[in-house]
Every structure is written in structure tokens, then in C-alpha cells.
Amino acid sequence: MLASGGLRRFSSMEKSKSSRDSTTALYAVQCGKCFKWRLIPTKEEYDAIRESFIEDPWFCEKNPEVSCDDPADIEYDTSRLWVIDKPNIPKTPPNTERNLHLRKDFSKFDITYIMPNGKRVRSSTEVERFLEAHPGYKDQFSVSDFSFTSPKIMEEMVPKSSRGKDSVGRKRKNEDG
DNA sequence: GCCACCGGTGGC
DNA sequence: GCCACCGGTGGC
């Protein structure tokens with residue numbers, strides 16, 4: 001079970017349609033007590049919960065309209081692509097945009113930010129360089145406001161077609177011996 | 001020439 | 001073994 005894996009009680013899910021960019025994302029959080037999944041209506045709300053999840057874990061009772069006795073909003077199953085976020089990802093700085101790019105083989109996400117001037121960055125070091133080149137932004141955000149950690153893609157959700165011999169979900173090493 | 005995308009790898 | 005990071009490049 002997910003919950004027993006501990007720690008990451010977060011998930012966003014993307015319904016995997018045939019095309020990988022037509023994703024309708026749902027956001028859910030797992031209650032720390034009953035371990036049921038609760039949908040979070042907006043990305044903004046989800047980001048806010050995720051931002052301080054470790055210090056401030058989530059429980060059903062945080063939402064006055066639900067309790068642990070209510071059935072889960074959604075079940076962890078293979079009907080969707082489940083993606084488990086890392087906790088405590090800083091809120092995306094104003095005028096920037098955080099984008100996840102799922103690779104065709106479902107092996108991982110590449111994370112990029114679009115900076116206020118339209119420039120794309122793909123790592124913390126690139127953020128650092130950006131701030132050196134554009135010191136004017138230093139009062140708006142710092143490197144620590146960016147997170148490039150990729151959420152975990154639950155392997156059993158990866159379509160079989162992408163798990164075949166040559167494409168990879170989990171990489172198989174030499175199978176000699 | 002740019003950029004979306006992918007493969008490889010060093011450091012942990 | 002994982003994953004953050006970066007180099008390379010094919011297609012536009």
C-alpha cells in the first residue's frame with residue numbers, strides 16, 4: 001500500500017489519454033489518519049498543501065465538510081496514472097511557471113520553469129545563472145524557491161505498451177547470468 | 001538557430 | 001539504485 005510506504009502522501013494524477021499532453025490532472029491528498037484519498041479542487045490549493053506538508057500534514061478534519069468516516073473520493077487504482085509528489089515543494093514564484101514534461105516512455109518527468117522573461121530553466125544551477133545575469137529578479141525570488149525534483153511515477157500504472165523490451169519503465173540491465 | 005526531447009552519468 | 005543535471009540533436 002501506498003501509505004505504508006510512508007512519507008509521500010501526495011499525489012497528483014493524470015488521466016492518461018492516448019496523447020500524453022492531453023492530461024486532465026486531478027489532485028489528491030491522503031489523510032494521515034484514515035489514509036483515504038481526498039480530492040483537492042484546485043491546483044493552487046494543492047500547491048499550498050504540498051508546500052508545507054511535512055510540518056503541516058493533512059487530515060480529513062481539515063476540511064469541515066468531510067470526516068474520516070466518509071468514503072474516499074478516489075481510490076488508488078490503475079484507471080489513472082498516479083504520480084506521487086515530493087512534499088514541501090515551494091510555491092511557484094509569481095510570474096514564473098512550473099511545468100512537468102512526462103517522457104513518452106513514462107520513465108520520468110522533466111521539470112522546467114518559465115522565467116518572467118520567457119527564458120526556460122531546467123536546473124537549480126540554471127536558476128543561479130539566471131539570477132546572476134538578471135540581478136533585478138533577486139528581490140522577487142531565490143534559488144530555493146525552485147524545485148526540480150521529479151514526482152514518482154507508480155510503475156504499475158505505466159501502460160504495458162511502454163513497458164516492453166526496448167522501451168523502459170524500469171530499466172533492465174544485462175540479463176546474463 | 002532554436003527548442004523539445006531524450007540518453008547518459010556523477011554523486012549521493 | 002536513484003535522480004538531478006546536462007549535453008546532444010532531430011525536426012522544425
# chains A, B, ... in the order shown; residues from 1 in each chain; ligands from 1
call {"tool": "residues_around", "arguments": {"residues": "B:DG10", "least_positions_apart": "2", "cutoff": "10 Å", "atoms": "only C-alpha atoms (C1' of nucleotides)", "output": "list in words"}}
result
DG8 and DC12 of chain B; DA4 and DC5 of chain C
call {"tool": "interface_residues", "arguments": {"of": "chain A", "to": "chain B", "cutoff": "12 Å", "atoms": "only C-alpha atoms (C1' of nucleotides)", "output": "list of chain:residue names"}}
result
A:His101, A:Leu102, A:Arg103, A:Lys104, A:Asp105, A:Ser107, A:Lys108, A:Phe109, A:Asp110, A:Thr112, A:Lys119, A:Arg120, A:Val121
call {"tool": "write_last_selection", "arguments": {"atoms": "C-alpha atoms", "output": "tab-separated table (two decimals), in the first residue's frame"}}
result
chain	number	residue	atom	x	y	z
A	101	HIS	CA	7.02	17.05	-19.02
A	102	LEU	CA	6.25	13.40	-18.97
A	103	ARG	CA	8.52	11.37	-21.16
A	104	LYS	CA	6.97	9.19	-23.78
A	105	ASP	CA	8.18	6.04	-22.11
A	107	SER	CA	10.21	6.84	-17.23
A	108	LYS	CA	10.26	10.25	-15.62
A	109	PHE	CA	9.25	13.87	-15.69
A	110	ASP	CA	11.46	16.67	-16.75
A	112	THR	CA	11.18	23.24	-16.19
A	119	LYS	CA	13.52	32.01	-20.54
A	120	ARG	CA	13.32	28.34	-19.70
A	121	VAL	CA	15.44	26.84	-16.94
call {"tool": "select_by_dssp", "arguments": {"residues": "stretch 33-174 of chain A", "states": "strand (DSSP E)", "output": "PyMOL selection string"}}
result
chain A and resi 37-40+81-84+97-102+109-114+120-121+152-153
call {"tool": "write_last_selection", "arguments": {"atoms": "N, CA, C and O atoms", "output": "CSV table (one decimal), in the first residue's frame"}}
result
chain,number,residue,atom,x,y,z
A,37,TRP,N,-8.0,8.8,0.2
A,37,TRP,CA,-7.6,9.9,-0.7
A,37,TRP,C,-8.7,10.9,-0.8
A,37,TRP,O,-9.9,10.5,-1.1
A,38,ARG,N,-8.4,12.2,-0.7
A,38,ARG,CA,-9.3,13.2,-0.8
A,38,ARG,C,-8.9,14.1,-2.0
A,38,ARG,O,-7.8,14.6,-2.1
A,39,LEU,N,-9.9,14.4,-2.8
A,39,LEU,CA,-9.6,15.3,-4.0
A,39,LEU,C,-9.4,16.7,-3.5
A,39,LEU,O,-10.2,17.2,-2.6
A,40,ILE,N,-8.5,17.4,-4.1
A,40,ILE,CA,-8.3,18.8,-3.8
A,40,ILE,C,-8.7,19.6,-5.1
A,40,ILE,O,-8.2,19.3,-6.2
A,81,LEU,N,-3.1,7.4,-14.3
A,81,LEU,CA,-1.7,7.4,-14.0
A,81,LEU,C,-1.4,8.2,-12.7
A,81,LEU,O,-1.6,9.4,-12.6
A,82,TRP,N,-1.0,7.5,-11.7
A,82,TRP,CA,-0.8,8.1,-10.4
A,82,TRP,C,0.7,8.5,-10.3
A,82,TRP,O,1.6,7.8,-10.7
A,83,VAL,N,0.8,9.7,-9.8
A,83,VAL,CA,2.1,10.3,-9.7
A,83,VAL,C,2.3,10.9,-8.3
A,83,VAL,O,1.4,11.7,-7.8
A,84,ILE,N,3.2,10.4,-7.6
A,84,ILE,CA,3.4,10.8,-6.2
A,84,ILE,C,4.4,11.9,-6.0
A,84,ILE,O,5.5,11.8,-6.4
A,97,GLU,N,6.4,29.9,-14.2
A,97,GLU,CA,5.5,28.8,-14.5
A,97,GLU,C,6.3,27.5,-14.3
A,97,GLU,O,7.4,27.4,-14.9
A,98,ARG,N,5.8,26.6,-13.6
A,98,ARG,CA,6.4,25.3,-13.4
A,98,ARG,C,5.7,24.3,-14.2
A,98,ARG,O,4.5,24.1,-14.2
A,99,ASN,N,6.5,23.6,-15.1
A,99,ASN,CA,5.9,22.7,-16.0
A,99,ASN,C,6.6,21.3,-15.8
A,99,ASN,O,7.8,21.1,-15.7
A,100,LEU,N,5.7,20.3,-15.9
A,100,LEU,CA,6.2,18.9,-15.9
A,100,LEU,C,6.0,18.3,-17.3
A,100,LEU,O,5.0,18.4,-17.9
A,101,HIS,N,7.1,17.7,-17.7
A,101,HIS,CA,7.0,17.0,-19.0
A,101,HIS,C,7.2,15.6,-18.9
A,101,HIS,O,8.3,15.1,-18.5
A,102,LEU,N,6.2,14.8,-19.1
A,102,LEU,CA,6.3,13.4,-19.0
A,102,LEU,C,6.9,12.8,-20.2
A,102,LEU,O,6.5,13.1,-21.3
A,109,PHE,N,9.6,12.5,-15.3
A,109,PHE,CA,9.2,13.9,-15.7
A,109,PHE,C,10.5,14.7,-15.8
A,109,PHE,O,11.4,14.6,-15.0
A,110,ASP,N,10.5,15.6,-16.7
A,110,ASP,CA,11.5,16.7,-16.8
A,110,ASP,C,10.7,17.9,-16.3
A,110,ASP,O,9.7,18.2,-16.7
A,111,ILE,N,11.4,18.6,-15.3
A,111,ILE,CA,10.7,19.8,-14.8
A,111,ILE,C,11.4,21.0,-15.3
A,111,ILE,O,12.7,21.1,-15.3
A,112,THR,N,10.6,22.0,-15.8
A,112,THR,CA,11.2,23.2,-16.2
A,112,THR,C,10.4,24.4,-15.6
A,112,THR,O,9.2,24.2,-15.2
A,113,TYR,N,11.0,25.5,-15.5
A,113,TYR,CA,10.3,26.7,-15.1
A,113,TYR,C,10.5,27.7,-16.3
A,113,TYR,O,11.5,27.8,-16.9
A,114,ILE,N,9.4,28.4,-16.5
A,114,ILE,CA,9.5,29.6,-17.4
A,114,ILE,C,9.7,30.8,-16.6
A,114,ILE,O,8.8,31.1,-15.7
A,120,ARG,N,13.6,29.6,-20.3
A,120,ARG,CA,13.3,28.3,-19.7
A,120,ARG,C,14.5,27.9,-18.9
A,120,ARG,O,15.7,27.9,-19.4
A,121,VAL,N,14.3,27.4,-17.7
A,121,VAL,CA,15.4,26.8,-16.9
A,121,VAL,C,15.1,25.4,-16.5
A,121,VAL,O,13.9,25.1,-16.4
A,152,LYS,N,7.2,10.8,-8.4
A,152,LYS,CA,7.4,9.4,-8.7
A,152,LYS,C,6.3,8.9,-9.5
A,152,LYS,O,5.1,9.1,-9.1
A,153,ILE,N,6.6,8.2,-10.5
A,153,ILE,CA,5.5,7.6,-11.3
A,153,ILE,C,5.3,6.2,-10.9
A,153,ILE,O,6.3,5.4,-10.8
call {"tool": "atom_distance", "arguments": {"atom1": "atom CA of A:Met115", "atom2": "atom CA of A:Tyr27"}}
result
24.5 Å
call {"tool": "select_by_dssp", "arguments": {"residues": "stretch 12-168 of chain A", "states": "helix (DSSP H, G or I)", "output": "number ranges by chain"}}
result
A: 43-51, 60-62, 124-133, 135-139, 143-145, 155-157, 160-162
call {"tool": "residues_around", "arguments": {"residues": "A:Phe59", "least_positions_apart": "4", "cutoff": "9 Å", "atoms": "only C-alpha atoms (C1' of nucleotides)", "output": "list of chain:residue names"}}
result
A:Val29, A:Gln30, A:Cys31, A:Gly32, A:Lys33, A:Cys34, A:Phe35, A:Asn63, A:Ser67, A:Cys68
